[in-house]
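What follows is a short report on a single structure.
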Amino acid sequence: MDILGKLTLQSIPYDNPILMFAGAIMIGTAIAVLAGVTYFGKWKYLYTEWLTTVDHKKIGVMYLIIAFIFLLRGFIDALMMRAQQAFASGGSEGYLPPHHFAELFTGHGTMMIFFMGMPFLIGLMNIAVPTQIGARDVAFPYLNAVSLWLTASAGMLVMASLIIGSFSDAGWTGYAPYSGISANPGVGVDYWIWALQISGIGTTITGINFFVTIMRERAPGMKFMRMPLFTWTTLCTNILMVLAFPALTVVLALLTFDRYLGMHFFTSDGGGNQMMFINMFWVWGHPEVYILILPAFGVFSEVAATFSNKRLFGYVSMVGATMVIALLSFTVWVHHFFTMAQDPLRNSIFAIATMVIGVPTGVKIYDWIFTMYRGRVRFNLPMLWLIGFIITFTIGGMTGVMLAIPGIDFKMHNSEFLVAHFHNVLIPGMLFGLFAGYHYWFPKAFGFRLDEKWGRRSFWGWLIGFYVAFMPLYVLGLMGMPRRMVSYADPAWQPFLIVAAFGALIVLFGVVSMAIQLIVSVRNREQLRDITGDPWNGRTLDWATSSPPAHYNFAVIPTVEDIDAFTDMKERGVAYRRPDKYEDIEMPRSTPAALVIGALSFFLGFALIWHIWWLAAVTGVGIIVTVIVRGCNDNTWYTIPAEEVERTENEWFRQLEKAGVV
């Protein structure tokens with residue numbers, strides 16, 4: 001048995017200069033970061049304050065870092081695809097070989113959904129939800145850290161595929177038989193399988209953790225119908241995570257059995273059923289769309305109320321719409337099969353369900369508009385993202401209702417029209433909402449606001465670039481252009497693809513502006529400092545703490561008496577009332593166990609991909625031992641003395657007095 005399994009020097013793509021250049025940049029960046037940490041002597045600080053922390057706020061920040069890394073990587077893949085299709089016309093093969101192009105669209109979809117969208121929304125949940133409900137941390141802080149490092153290790157597997165072996169070329173959905181061992185004998189699909197399995201386990205743990213947190217950790221008086229809308233959407237999202245992700249786990253496990261053990265779950269000539277893969281995948285996949293979008297809807301609800309300076313219109317209808325969307329998300333997966341020769345009755349049932357799910361979404365849009373109506377609207381960046389979303393997402397929703405009609409879907413399903421629709425839903429519906437939340441809660445997480453000027457430039461780059469990049473794809477779909485084409489013969493398509501590529505460059509301006517915004521904001525952080533903890537005149541409890549909050553969040557857990565808890569407290573004059581005395585506070589200790597589990601998970605996944613069985617056994621045992629050792633440790637909490645709490649609170653009150661708040 002070869003000690004390195006299938007791994008050889010030929011596994012490194014020396015013959016592909018694009019991959020080698022990209023790998024060199026990735027490795028060079030990593031070396032530069034490590035050298036910078038070493039030069040400034042920050043290893044101890046990094047280890048004690050970040051890598052081993054169980055503080056939900058710092059975990060949320062690290063999730064956001066992962067999300068932005070993969071946003072950049074996924075966007076580069078999109079630029080490369082747009083450039084390829086802009087020039088690969090009329091006999092020209094472009095600059096990308098078919099295999100590499102297939103890797104790009106597979107990697108782009110996988111990274112944007114699993115390693116950009118999911119970490120982004122979980123990061124915002126970590127930053128905002130515990131403080132919104134008046135809790136000191138999540139229900140299971142250690143498991144929260146485990147979830148983070150499982151996601152990070154899975155992301156590292158995706159990055160490793162860039163320079164060792166290759167990533168899957170079977171599409172981000174991994175449909176059998178394209179992902180089967182006979183059609184795809186390389187390691188690309190295995191990278192895809194193990195990256196999704198490891199990250200999916202982390203996501204399921206997160207779903208359980210936040211469900212329990214919201215159910216059990218709410219402040220006194222915070223009944224369900226007093227919870228902020230972001231907390232409501234988080235609750236529904238985490239229910240979907242717990243119910244949907246096991247379906248993905250199972251279908252990936254069955255595919256693994258097919259590829260590794262010669263079984264035939266999805267092999268037609270072996271007695272398997274390829275449609276079973278597609279059914280199980282979309283039983284997860286369509287709720288996943290709403291897992292991505294519902295938290296963004298919650299962000300928009302917070303933004304609409306805060307920047308309109310009034311109570312959210314239709315709170316009860318918003319909560320009801322959120323719950324209906326979560327329920328109906330499990331009833332629409334078969335609309336992905338309208339082209340697969342099903343009987344008319346089944347198509348009709350799922351067509352109706354798909355159309356009906358647009359109703360509660362429409363309710364939300366009207367509620368946001370009526371919240372702004374006659375409000376004292378402030379057009380800060382989060383509000384701009386909301387307005388851009390309402391206009392753009394409505395277009396995507398209307399095209400979704402079109403595709404819910406089986407006859408139309410039969411013609412459009414495999415065309416660029418579907419590509420345009422999918423992005424027309426997820427970019428404004430998910431990404432604009434996550435960007436709004438990023439700007440909204442940034443001062444809470446870091447203690448200073450983001451620069452508005454560069455933020456507005458980023459907003460316009462994303463908004464204008466989106467229309468220029470994706471509206472031509474609707475036209476191309478109507479003209480009959482199939483999706484995922486590496487080259488094409490019809491010269492009438494090329495002008496639209498050139499316009500789409502130009503749109504991607506405008507979005508690039510938005511991405512670069514966002515990076516510059518962060519740099520400028522850090523440089524000017526003293527001028528942008530938030531010393532009050534409430535830079536937006538917020539309405540929920542997350543703005544009742546300092547920015548950033550103390551490790552314990554609240555010195556005294558507040559009592560909630562209204563939907564807009566913090567606004568109510570300010571109006572009654574009790575928002576900044578000091579307690580008669582401070583008490584000792586119990587908080588969870590930092591632990592390296594989660595980091596160790598994440599690191600071992602990376603090497604376990606790598607070993608399973610390359611059939612390095614001894615390494616898989618060692619790392620698997622290592623994970624089990626780490627879990628047992630951590631489970632046997634009873635010293636997992638520490639006490640913050642009342643005197644230290646009082647000193648921390650006194651410093652914040654001095655800042656409030658300086659700002660004229662108290």
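Identifiers in this document derive from the order of the structure tokens: chains are assigned A, B, ..., residues are numbered from 1 separately in each chain, and ligands are numbered from 1 in order of occurrence.
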Legend entry - Contacts of range 202-216 of chain A at 8 Å (only C-alpha atoms; same-chain gap of 4+ positions) as a ChimeraX atom specification: /A:130,133,138-140,143-144,146-148,150-151,198,231,234-235,237-242,245-246
Residues from last step as file, N, CA, C and O atoms, as a short mmCIF file (atom, residue, chain, number, x, y, z; two decimals), in the first residue's frame:
```cif
data_model
loop_
_atom_site.label_atom_id
_atom_site.label_comp_id
_atom_site.auth_asym_id
_atom_site.auth_seq_id
_atom_site.Cartn_x
_atom_site.Cartn_y
_atom_site.Cartn_z
N PRO A 130 -27.59 36.82 20.30
CA PRO A 130 -27.55 36.74 21.77
C PRO A 130 -27.81 38.08 22.45
O PRO A 130 -28.52 38.13 23.47
N ILE A 133 -31.60 39.12 22.27
CA ILE A 133 -32.52 38.45 23.19
C ILE A 133 -32.11 38.64 24.65
O ILE A 133 -32.72 38.05 25.54
N VAL A 138 -24.37 32.16 23.59
CA VAL A 138 -25.26 31.13 23.05
C VAL A 138 -25.40 30.00 24.06
O VAL A 138 -24.66 29.93 25.05
N ALA A 139 -26.31 29.10 23.81
CA ALA A 139 -26.58 28.02 24.77
C ALA A 139 -25.38 27.10 24.92
O ALA A 139 -25.08 26.64 26.03
N PHE A 140 -24.66 26.82 23.83
CA PHE A 140 -23.52 25.89 23.85
C PHE A 140 -22.31 26.58 23.23
O PHE A 140 -22.02 26.38 22.03
N LEU A 143 -19.66 24.28 21.42
CA LEU A 143 -20.14 23.75 20.14
C LEU A 143 -20.16 24.85 19.08
O LEU A 143 -19.97 24.58 17.89
N ASN A 144 -20.39 26.08 19.50
CA ASN A 144 -20.35 27.19 18.56
C ASN A 144 -18.97 27.32 17.94
O ASN A 144 -18.82 27.53 16.73
N VAL A 146 -16.77 24.84 17.73
CA VAL A 146 -16.58 23.64 16.89
C VAL A 146 -17.18 23.87 15.51
O VAL A 146 -16.57 23.55 14.48
N SER A 147 -18.38 24.44 15.46
CA SER A 147 -19.03 24.72 14.18
C SER A 147 -18.17 25.63 13.31
O SER A 147 -18.02 25.41 12.11
N LEU A 148 -17.61 26.67 13.94
CA LEU A 148 -16.75 27.60 13.20
C LEU A 148 -15.57 26.87 12.58
O LEU A 148 -15.29 27.02 11.37
N LEU A 150 -15.07 23.68 12.01
CA LEU A 150 -15.45 22.71 10.98
C LEU A 150 -15.68 23.42 9.65
O LEU A 150 -15.25 22.93 8.59
N THR A 151 -16.34 24.56 9.68
CA THR A 151 -16.55 25.34 8.46
C THR A 151 -15.22 25.79 7.88
O THR A 151 -14.99 25.71 6.66
N ILE A 198 -18.23 18.01 5.94
CA ILE A 198 -17.66 18.60 7.16
C ILE A 198 -18.36 19.91 7.49
O ILE A 198 -18.74 20.16 8.64
N THR A 231 -34.26 38.00 15.06
CA THR A 231 -34.28 36.80 15.89
C THR A 231 -35.33 35.82 15.39
O THR A 231 -35.10 34.60 15.37
N THR A 234 -33.96 34.18 12.34
CA THR A 234 -32.90 33.26 12.76
C THR A 234 -33.51 31.97 13.31
O THR A 234 -33.03 30.86 13.01
N LEU A 235 -34.56 32.09 14.12
CA LEU A 235 -35.21 30.90 14.67
C LEU A 235 -35.73 30.01 13.55
O LEU A 235 -35.47 28.79 13.53
N THR A 237 -34.83 30.00 10.41
CA THR A 237 -33.69 29.52 9.62
C THR A 237 -33.03 28.32 10.28
O THR A 237 -32.69 27.33 9.61
N ASN A 238 -32.86 28.37 11.58
CA ASN A 238 -32.18 27.27 12.26
C ASN A 238 -33.05 26.03 12.35
O ASN A 238 -32.53 24.90 12.36
N ILE A 239 -34.36 26.20 12.39
CA ILE A 239 -35.24 25.04 12.27
C ILE A 239 -35.05 24.39 10.91
O ILE A 239 -34.95 23.15 10.79
N LEU A 240 -34.97 25.20 9.86
CA LEU A 240 -34.73 24.67 8.52
C LEU A 240 -33.37 23.96 8.45
O LEU A 240 -33.24 22.91 7.81
N MET A 241 -32.35 24.54 9.07
CA MET A 241 -31.04 23.90 9.07
C MET A 241 -31.11 22.50 9.67
O MET A 241 -30.59 21.53 9.11
N VAL A 242 -31.75 22.40 10.82
CA VAL A 242 -31.80 21.12 11.54
C VAL A 242 -32.59 20.09 10.74
O VAL A 242 -32.25 18.90 10.72
N PHE A 245 -30.50 19.90 6.52
CA PHE A 245 -29.11 19.47 6.29
C PHE A 245 -28.89 17.98 6.45
O PHE A 245 -28.02 17.40 5.77
N PRO A 246 -29.62 17.27 7.34
CA PRO A 246 -29.45 15.81 7.36
C PRO A 246 -29.74 15.14 6.02
O PRO A 246 -29.13 14.11 5.70
#
```
Inset, instruction - Can you pull out every residue within 12 Å of range 395-400 of chain A, counting only C-alpha atoms, but drop anything in the same chain fewer than 3 positions away, and send it as number ranges by chain? - result: A: 335-336, 351, 354-362, 365, 388-392, 403-406, 408-409, 412-413, 417-429, 466-467, 470-471, 474
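Nearest to Glu302 in chain A of all the residues A:Thr339, A:Thr331, A:Asn347, A:Gln132 is A:Gln132, counting only C-alpha atoms.
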Inset, instruction - Quick one: everything within 9 Å of Tyr63 in chain A, counting only C-alpha atoms, minus sequence neighbours fewer than 3 positions away in the same chain. Send it as an NGL selection string. - result: :A and (58-60 or 66-68 or 118-124 or 126 or 148 or 151-152)
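Minimum distance to Phe509 in chain A across A:Phe21, A:Trp460, A:Trp333, A:Phe446 (counting only C-alpha atoms) occurs at A:Trp460.
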For range 495-505 of chain A, find every residue with an atom within 8 Å (counting only C-alpha atoms), except residues of its own chain fewer than 4 positions away, and show them as a PDB file with N, CA, C and O atoms, in the first residue's frame.
```
ATOM      1  N   ALA A  78     -16.240  33.865 -11.099  1.00  0.00           N
ATOM      2  CA  ALA A  78     -17.294  34.430 -11.946  1.00  0.00           C
ATOM      3  C   ALA A  78     -16.702  35.321 -13.034  1.00  0.00           C
ATOM      4  O   ALA A  78     -17.134  35.276 -14.197  1.00  0.00           O
ATOM      5  N   LEU A  79     -15.709  36.138 -12.681  1.00  0.00           N
ATOM      6  CA  LEU A  79     -15.051  36.983 -13.684  1.00  0.00           C
ATOM      7  C   LEU A  79     -14.413  36.138 -14.777  1.00  0.00           C
ATOM      8  O   LEU A  79     -14.504  36.473 -15.970  1.00  0.00           O
ATOM      9  N   ARG A  82     -17.182  34.769 -17.077  1.00  0.00           N
ATOM     10  CA  ARG A  82     -17.731  35.821 -17.932  1.00  0.00           C
ATOM     11  C   ARG A  82     -16.738  36.176 -19.047  1.00  0.00           C
ATOM     12  O   ARG A  82     -17.134  36.394 -20.200  1.00  0.00           O
ATOM     13  N   ALA A  83     -15.449  36.232 -18.710  1.00  0.00           N
ATOM     14  CA  ALA A  83     -14.435  36.543 -19.719  1.00  0.00           C
ATOM     15  C   ALA A  83     -14.359  35.429 -20.763  1.00  0.00           C
ATOM     16  O   ALA A  83     -14.253  35.705 -21.971  1.00  0.00           O
ATOM     17  N   GLN A  85     -16.764  33.322 -21.735  1.00  0.00           N
ATOM     18  CA  GLN A  85     -17.925  33.321 -22.626  1.00  0.00           C
ATOM     19  C   GLN A  85     -17.976  34.575 -23.500  1.00  0.00           C
ATOM     20  O   GLN A  85     -18.563  34.543 -24.586  1.00  0.00           O
ATOM     21  N   ALA A  86     -17.360  35.663 -23.063  1.00  0.00           N
ATOM     22  CA  ALA A  86     -17.368  36.873 -23.882  1.00  0.00           C
ATOM     23  C   ALA A  86     -16.549  36.690 -25.154  1.00  0.00           C
ATOM     24  O   ALA A  86     -16.837  37.338 -26.176  1.00  0.00           O
ATOM     25  N   PHE A  87     -15.547  35.813 -25.140  1.00  0.00           N
ATOM     26  CA  PHE A  87     -14.636  35.700 -26.278  1.00  0.00           C
ATOM     27  C   PHE A  87     -14.703  34.354 -27.001  1.00  0.00           C
ATOM     28  O   PHE A  87     -14.210  34.237 -28.117  1.00  0.00           O
ATOM     29  N   ILE A 464     -25.589  48.684  -9.960  1.00  0.00           N
ATOM     30  CA  ILE A 464     -25.531  48.899 -11.412  1.00  0.00           C
ATOM     31  C   ILE A 464     -24.895  47.690 -12.093  1.00  0.00           C
ATOM     32  O   ILE A 464     -25.371  47.216 -13.139  1.00  0.00           O
ATOM     33  N   GLY A 465     -23.824  47.183 -11.501  1.00  0.00           N
ATOM     34  CA  GLY A 465     -23.147  46.023 -12.087  1.00  0.00           C
ATOM     35  C   GLY A 465     -24.052  44.818 -12.184  1.00  0.00           C
ATOM     36  O   GLY A 465     -24.002  44.060 -13.163  1.00  0.00           O
ATOM     37  N   PHE A 466     -24.914  44.630 -11.178  1.00  0.00           N
ATOM     38  CA  PHE A 466     -25.840  43.501 -11.237  1.00  0.00           C
ATOM     39  C   PHE A 466     -26.734  43.591 -12.462  1.00  0.00           C
ATOM     40  O   PHE A 466     -26.901  42.610 -13.196  1.00  0.00           O
ATOM     41  N   TYR A 467     -27.342  44.757 -12.687  1.00  0.00           N
ATOM     42  CA  TYR A 467     -28.260  44.897 -13.823  1.00  0.00           C
ATOM     43  C   TYR A 467     -27.535  44.706 -15.149  1.00  0.00           C
ATOM     44  O   TYR A 467     -28.045  44.030 -16.066  1.00  0.00           O
ATOM     45  N   VAL A 468     -26.342  45.271 -15.260  1.00  0.00           N
ATOM     46  CA  VAL A 468     -25.602  45.150 -16.523  1.00  0.00           C
ATOM     47  C   VAL A 468     -25.137  43.714 -16.734  1.00  0.00           C
ATOM     48  O   VAL A 468     -25.093  43.222 -17.873  1.00  0.00           O
ATOM     49  N   ALA A 469     -24.816  43.002 -15.650  1.00  0.00           N
ATOM     50  CA  ALA A 469     -24.285  41.643 -15.777  1.00  0.00           C
ATOM     51  C   ALA A 469     -25.366  40.601 -16.025  1.00  0.00           C
ATOM     52  O   ALA A 469     -25.133  39.624 -16.758  1.00  0.00           O
ATOM     53  N   PHE A 470     -26.574  40.791 -15.453  1.00  0.00           N
ATOM     54  CA  PHE A 470     -27.548  39.697 -15.484  1.00  0.00           C
ATOM     55  C   PHE A 470     -28.772  39.956 -16.353  1.00  0.00           C
ATOM     56  O   PHE A 470     -29.399  38.993 -16.803  1.00  0.00           O
ATOM     57  N   MET A 471     -29.124  41.196 -16.612  1.00  0.00           N
ATOM     58  CA  MET A 471     -30.267  41.411 -17.510  1.00  0.00           C
ATOM     59  C   MET A 471     -30.007  40.845 -18.914  1.00  0.00           C
ATOM     60  O   MET A 471     -30.919  40.271 -19.524  1.00  0.00           O
ATOM     61  N   PRO A 472     -28.761  40.961 -19.456  1.00  0.00           N
ATOM     62  CA  PRO A 472     -28.523  40.322 -20.763  1.00  0.00           C
ATOM     63  C   PRO A 472     -28.729  38.816 -20.751  1.00  0.00           C
ATOM     64  O   PRO A 472     -29.067  38.229 -21.790  1.00  0.00           O
ATOM     65  N   LEU A 473     -28.547  38.174 -19.584  1.00  0.00           N
ATOM     66  CA  LEU A 473     -28.715  36.724 -19.534  1.00  0.00           C
ATOM     67  C   LEU A 473     -30.178  36.331 -19.682  1.00  0.00           C
ATOM     68  O   LEU A 473     -30.486  35.253 -20.211  1.00  0.00           O
ATOM     69  N   VAL A 475     -32.204  37.866 -21.688  1.00  0.00           N
ATOM     70  CA  VAL A 475     -32.391  37.933 -23.145  1.00  0.00           C
ATOM     71  C   VAL A 475     -31.788  36.703 -23.805  1.00  0.00           C
ATOM     72  O   VAL A 475     -32.398  36.081 -24.687  1.00  0.00           O
ATOM     73  N   LEU A 476     -30.580  36.327 -23.369  1.00  0.00           N
ATOM     74  CA  LEU A 476     -29.926  35.155 -23.953  1.00  0.00           C
ATOM     75  C   LEU A 476     -30.740  33.886 -23.707  1.00  0.00           C
ATOM     76  O   LEU A 476     -30.822  33.009 -24.577  1.00  0.00           O
ATOM     77  N   PHE A 509     -15.711  46.798  -9.379  1.00  0.00           N
ATOM     78  CA  PHE A 509     -15.527  48.115  -8.765  1.00  0.00           C
ATOM     79  C   PHE A 509     -16.191  48.150  -7.388  1.00  0.00           C
ATOM     80  O   PHE A 509     -15.637  48.694  -6.430  1.00  0.00           O
TER      81      PHE A 509
END
```
Legend entry - Selection near Leu19 in chain A, 8 Å with only C-alpha atoms, sequence-local residues under 5 positions removed, as a ChimeraX atom specification: /A:13,162-163
Would you save the residues of that selection, restricted to C-alpha atoms, as a short mmCIF file (atom, residue, chain, number, x, y, z; two decimals), in the first residue's frame?
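Once everything was written out, this is selection.cif:
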```cif
data_model
loop_
_atom_site.label_atom_id
_atom_site.label_comp_id
_atom_site.auth_asym_id
_atom_site.auth_seq_id
_atom_site.Cartn_x
_atom_site.Cartn_y
_atom_site.Cartn_z
CA PRO A 13 -1.23 20.92 -11.92
CA LEU A 162 -6.73 24.63 -6.28
CA ILE A 163 -3.15 23.45 -6.01
#
```
Legend entry - Contact residues around range 627-639 of chain A with only C-alpha atoms at 7 Å, ignoring same-chain residues under 2 positions, as a PyMOL selection string: chain A and resi 584-589+593+623-625+641
Export all heavy atoms of the chosen residues as a compact mmCIF listing (two decimals), in the first residue's frame?
```txt
# COMPACT_ATOMS: atom_id res chain seq x y z
N ASP A 584 -21.26 38.81 40.65
CA ASP A 584 -20.30 37.98 39.89
C ASP A 584 -21.02 37.38 38.68
O ASP A 584 -22.22 37.08 38.73
CB ASP A 584 -19.76 36.85 40.77
CG ASP A 584 -18.90 37.37 41.92
OD1 ASP A 584 -18.56 38.56 41.91
OD2 ASP A 584 -18.60 36.57 42.83
N ILE A 585 -20.26 37.19 37.60
CA ILE A 585 -20.84 36.64 36.36
C ILE A 585 -20.04 35.41 35.95
O ILE A 585 -18.81 35.45 35.86
CB ILE A 585 -20.84 37.68 35.23
CG1 ILE A 585 -21.74 38.87 35.61
CG2 ILE A 585 -21.31 37.05 33.92
CD1 ILE A 585 -21.71 40.00 34.59
N GLU A 586 -20.74 34.31 35.67
CA GLU A 586 -20.10 33.08 35.19
C GLU A 586 -20.08 33.09 33.66
O GLU A 586 -21.10 33.31 33.02
CB GLU A 586 -20.89 31.86 35.67
CG GLU A 586 -20.82 31.61 37.16
CD GLU A 586 -19.70 30.65 37.51
OE1 GLU A 586 -19.44 29.72 36.72
OE2 GLU A 586 -19.07 30.85 38.56
N MET A 587 -18.88 32.85 33.10
CA MET A 587 -18.72 32.82 31.64
C MET A 587 -17.92 31.60 31.23
O MET A 587 -17.10 31.09 32.01
CB MET A 587 -18.04 34.10 31.16
CG MET A 587 -18.86 35.37 31.35
SD MET A 587 -20.43 35.35 30.47
CE MET A 587 -19.88 35.27 28.77
N PRO A 588 -18.12 31.09 30.01
CA PRO A 588 -17.38 29.91 29.56
C PRO A 588 -15.91 30.22 29.27
O PRO A 588 -15.58 31.31 28.79
CB PRO A 588 -18.11 29.51 28.28
CG PRO A 588 -18.73 30.78 27.79
CD PRO A 588 -19.10 31.56 29.01
N ARG A 589 -15.04 29.28 29.59
CA ARG A 589 -13.61 29.44 29.33
C ARG A 589 -13.30 29.19 27.86
O ARG A 589 -13.97 28.40 27.18
CB ARG A 589 -12.80 28.43 30.16
CG ARG A 589 -12.74 28.71 31.64
CD ARG A 589 -11.79 27.72 32.30
NE ARG A 589 -11.77 27.90 33.73
CZ ARG A 589 -11.03 28.81 34.37
NH1 ARG A 589 -10.24 29.61 33.67
NH2 ARG A 589 -11.08 28.90 35.69
N ALA A 593 -9.78 22.98 22.16
CA ALA A 593 -10.35 21.73 21.65
C ALA A 593 -11.04 21.93 20.31
O ALA A 593 -10.89 21.10 19.39
CB ALA A 593 -11.33 21.15 22.67
N ILE A 623 -9.73 13.03 16.69
CA ILE A 623 -10.97 13.78 16.93
C ILE A 623 -11.75 13.18 18.09
O ILE A 623 -12.24 13.88 18.98
CB ILE A 623 -11.82 13.82 15.64
CG1 ILE A 623 -11.14 14.67 14.57
CG2 ILE A 623 -13.23 14.36 15.94
CD1 ILE A 623 -11.80 14.59 13.21
N ILE A 624 -11.86 11.85 18.09
CA ILE A 624 -12.60 11.17 19.16
C ILE A 624 -11.94 11.42 20.51
O ILE A 624 -12.62 11.73 21.52
CB ILE A 624 -12.70 9.66 18.86
CG1 ILE A 624 -13.54 9.43 17.61
CG2 ILE A 624 -13.29 8.91 20.06
CD1 ILE A 624 -13.51 7.99 17.11
N VAL A 625 -10.62 11.33 20.56
CA VAL A 625 -9.89 11.56 21.81
C VAL A 625 -10.09 12.99 22.29
O VAL A 625 -10.31 13.24 23.48
CB VAL A 625 -8.40 11.23 21.64
CG1 VAL A 625 -7.60 11.70 22.85
CG2 VAL A 625 -8.20 9.74 21.42
N PRO A 641 -15.35 38.65 38.62
CA PRO A 641 -15.78 39.23 39.90
C PRO A 641 -16.62 40.48 39.71
O PRO A 641 -16.49 41.20 38.72
CB PRO A 641 -14.44 39.57 40.60
CG PRO A 641 -13.41 38.77 39.87
CD PRO A 641 -13.90 38.62 38.47
```
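If you measure from each of A:Val37, A:Leu71, A:Leu4, A:Ile609 to Ser168 in chain A using only C-alpha atoms, the closest one turns out to be A:Ile609.
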Legend entry - Nearest-residue call for Gln517 in chain A, choices A:Val189, A:Met116, A:Val645, A:Leu450, using only C-alpha atoms: A:Leu450
Legend entry - Residues within 12 Å of Ala565 in chain A, only C-alpha atoms, excluding chain neighbours under 5 positions, as a PyMOL selection string: chain A and resi 131-134+219-223+225-228+311+538-544+558-560+570-572+574-575
Please write the residues from the selection above to a file, keeping N, CA, C and O atoms, as a short mmCIF file (atom, residue, chain, number, x, y, z; two decimals), in the first residue's frame.
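As a result, result18.cif now contains:
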```cif
data_model
loop_
_atom_site.label_atom_id
_atom_site.label_comp_id
_atom_site.auth_asym_id
_atom_site.auth_seq_id
_atom_site.Cartn_x
_atom_site.Cartn_y
_atom_site.Cartn_z
N THR A 131 -27.28 39.17 21.89
CA THR A 131 -27.54 40.47 22.50
C THR A 131 -28.96 40.94 22.23
O THR A 131 -29.55 41.63 23.05
N GLN A 132 -29.54 40.56 21.08
CA GLN A 132 -30.93 40.94 20.81
C GLN A 132 -31.90 40.32 21.79
O GLN A 132 -32.93 40.91 22.11
N ILE A 133 -31.60 39.12 22.27
CA ILE A 133 -32.52 38.45 23.19
C ILE A 133 -32.11 38.64 24.65
O ILE A 133 -32.72 38.05 25.54
N GLY A 134 -31.06 39.44 24.90
CA GLY A 134 -30.64 39.70 26.27
C GLY A 134 -29.88 38.57 26.91
O GLY A 134 -29.92 38.41 28.13
N ALA A 219 -34.28 37.01 27.52
CA ALA A 219 -34.38 37.82 28.74
C ALA A 219 -35.79 37.74 29.32
O ALA A 219 -36.76 37.46 28.59
N PRO A 220 -35.93 38.02 30.62
CA PRO A 220 -37.27 38.05 31.21
C PRO A 220 -38.19 39.02 30.48
O PRO A 220 -37.79 40.15 30.17
N GLY A 221 -39.39 38.58 30.20
CA GLY A 221 -40.35 39.44 29.52
C GLY A 221 -40.31 39.36 28.01
O GLY A 221 -41.23 39.86 27.34
N MET A 222 -39.25 38.74 27.44
CA MET A 222 -39.18 38.65 25.98
C MET A 222 -39.98 37.42 25.53
O MET A 222 -39.43 36.34 25.32
N LYS A 223 -41.27 37.63 25.38
CA LYS A 223 -42.12 36.58 24.84
C LYS A 223 -41.85 36.42 23.35
O LYS A 223 -41.18 37.24 22.74
N MET A 225 -43.70 36.94 20.83
CA MET A 225 -44.19 38.07 20.03
C MET A 225 -43.60 39.40 20.46
O MET A 225 -44.08 40.47 20.09
N ARG A 226 -42.51 39.35 21.21
CA ARG A 226 -41.70 40.53 21.48
C ARG A 226 -40.29 40.38 20.93
O ARG A 226 -39.46 41.26 21.11
N MET A 227 -40.02 39.26 20.27
CA MET A 227 -38.68 39.05 19.73
C MET A 227 -38.46 39.94 18.52
O MET A 227 -39.37 40.14 17.70
N PRO A 228 -37.25 40.48 18.34
CA PRO A 228 -36.93 41.22 17.11
C PRO A 228 -37.10 40.34 15.88
O PRO A 228 -36.96 39.11 15.96
N ARG A 311 -41.85 52.21 14.51
CA ARG A 311 -42.07 50.78 14.72
C ARG A 311 -42.30 50.07 13.39
O ARG A 311 -42.91 50.62 12.48
N GLY A 538 -30.84 52.78 17.73
CA GLY A 538 -31.44 51.46 17.55
C GLY A 538 -32.64 51.21 18.43
O GLY A 538 -32.89 51.92 19.41
N ARG A 539 -33.39 50.16 18.09
CA ARG A 539 -34.65 49.88 18.76
C ARG A 539 -34.62 48.57 19.55
O ARG A 539 -35.56 48.29 20.30
N THR A 540 -33.58 47.76 19.39
CA THR A 540 -33.53 46.45 20.01
C THR A 540 -32.39 46.37 21.02
O THR A 540 -31.52 47.24 21.06
N LEU A 541 -32.38 45.32 21.83
CA LEU A 541 -31.46 45.23 22.96
C LEU A 541 -29.99 45.18 22.56
O LEU A 541 -29.12 45.48 23.39
N ASP A 542 -29.68 44.78 21.33
CA ASP A 542 -28.28 44.74 20.93
C ASP A 542 -27.63 46.11 20.98
O ASP A 542 -26.40 46.22 21.08
N TRP A 543 -28.43 47.18 20.93
CA TRP A 543 -27.87 48.54 20.99
C TRP A 543 -27.84 49.07 22.41
O TRP A 543 -27.45 50.22 22.64
N ALA A 544 -28.23 48.25 23.39
CA ALA A 544 -28.21 48.67 24.79
C ALA A 544 -26.88 48.35 25.46
O ALA A 544 -26.72 48.55 26.66
N PRO A 558 -31.50 42.53 31.16
CA PRO A 558 -32.62 43.47 31.14
C PRO A 558 -33.97 42.75 31.18
O PRO A 558 -34.07 41.57 30.85
N THR A 559 -34.99 43.49 31.57
CA THR A 559 -36.37 43.00 31.52
C THR A 559 -37.09 43.69 30.37
O THR A 559 -37.04 44.91 30.24
N VAL A 560 -37.73 42.90 29.53
CA VAL A 560 -38.35 43.41 28.30
C VAL A 560 -39.83 43.64 28.52
O VAL A 560 -40.53 42.78 29.07
N LYS A 570 -35.58 53.57 26.51
CA LYS A 570 -35.15 54.97 26.39
C LYS A 570 -36.30 55.92 26.67
O LYS A 570 -36.12 56.95 27.33
N GLU A 571 -37.47 55.58 26.18
CA GLU A 571 -38.62 56.46 26.40
C GLU A 571 -39.03 56.50 27.88
O GLU A 571 -39.51 57.53 28.36
N ARG A 572 -38.83 55.39 28.59
CA ARG A 572 -39.17 55.36 30.02
C ARG A 572 -38.03 55.85 30.90
O ARG A 572 -38.17 55.90 32.13
N VAL A 574 -35.09 54.41 31.48
CA VAL A 574 -34.40 53.37 32.25
C VAL A 574 -33.33 52.66 31.41
O VAL A 574 -32.75 51.66 31.87
N ALA A 575 -33.04 53.17 30.22
CA ALA A 575 -32.11 52.49 29.32
C ALA A 575 -30.72 52.38 29.93
O ALA A 575 -30.03 51.37 29.75
#
```
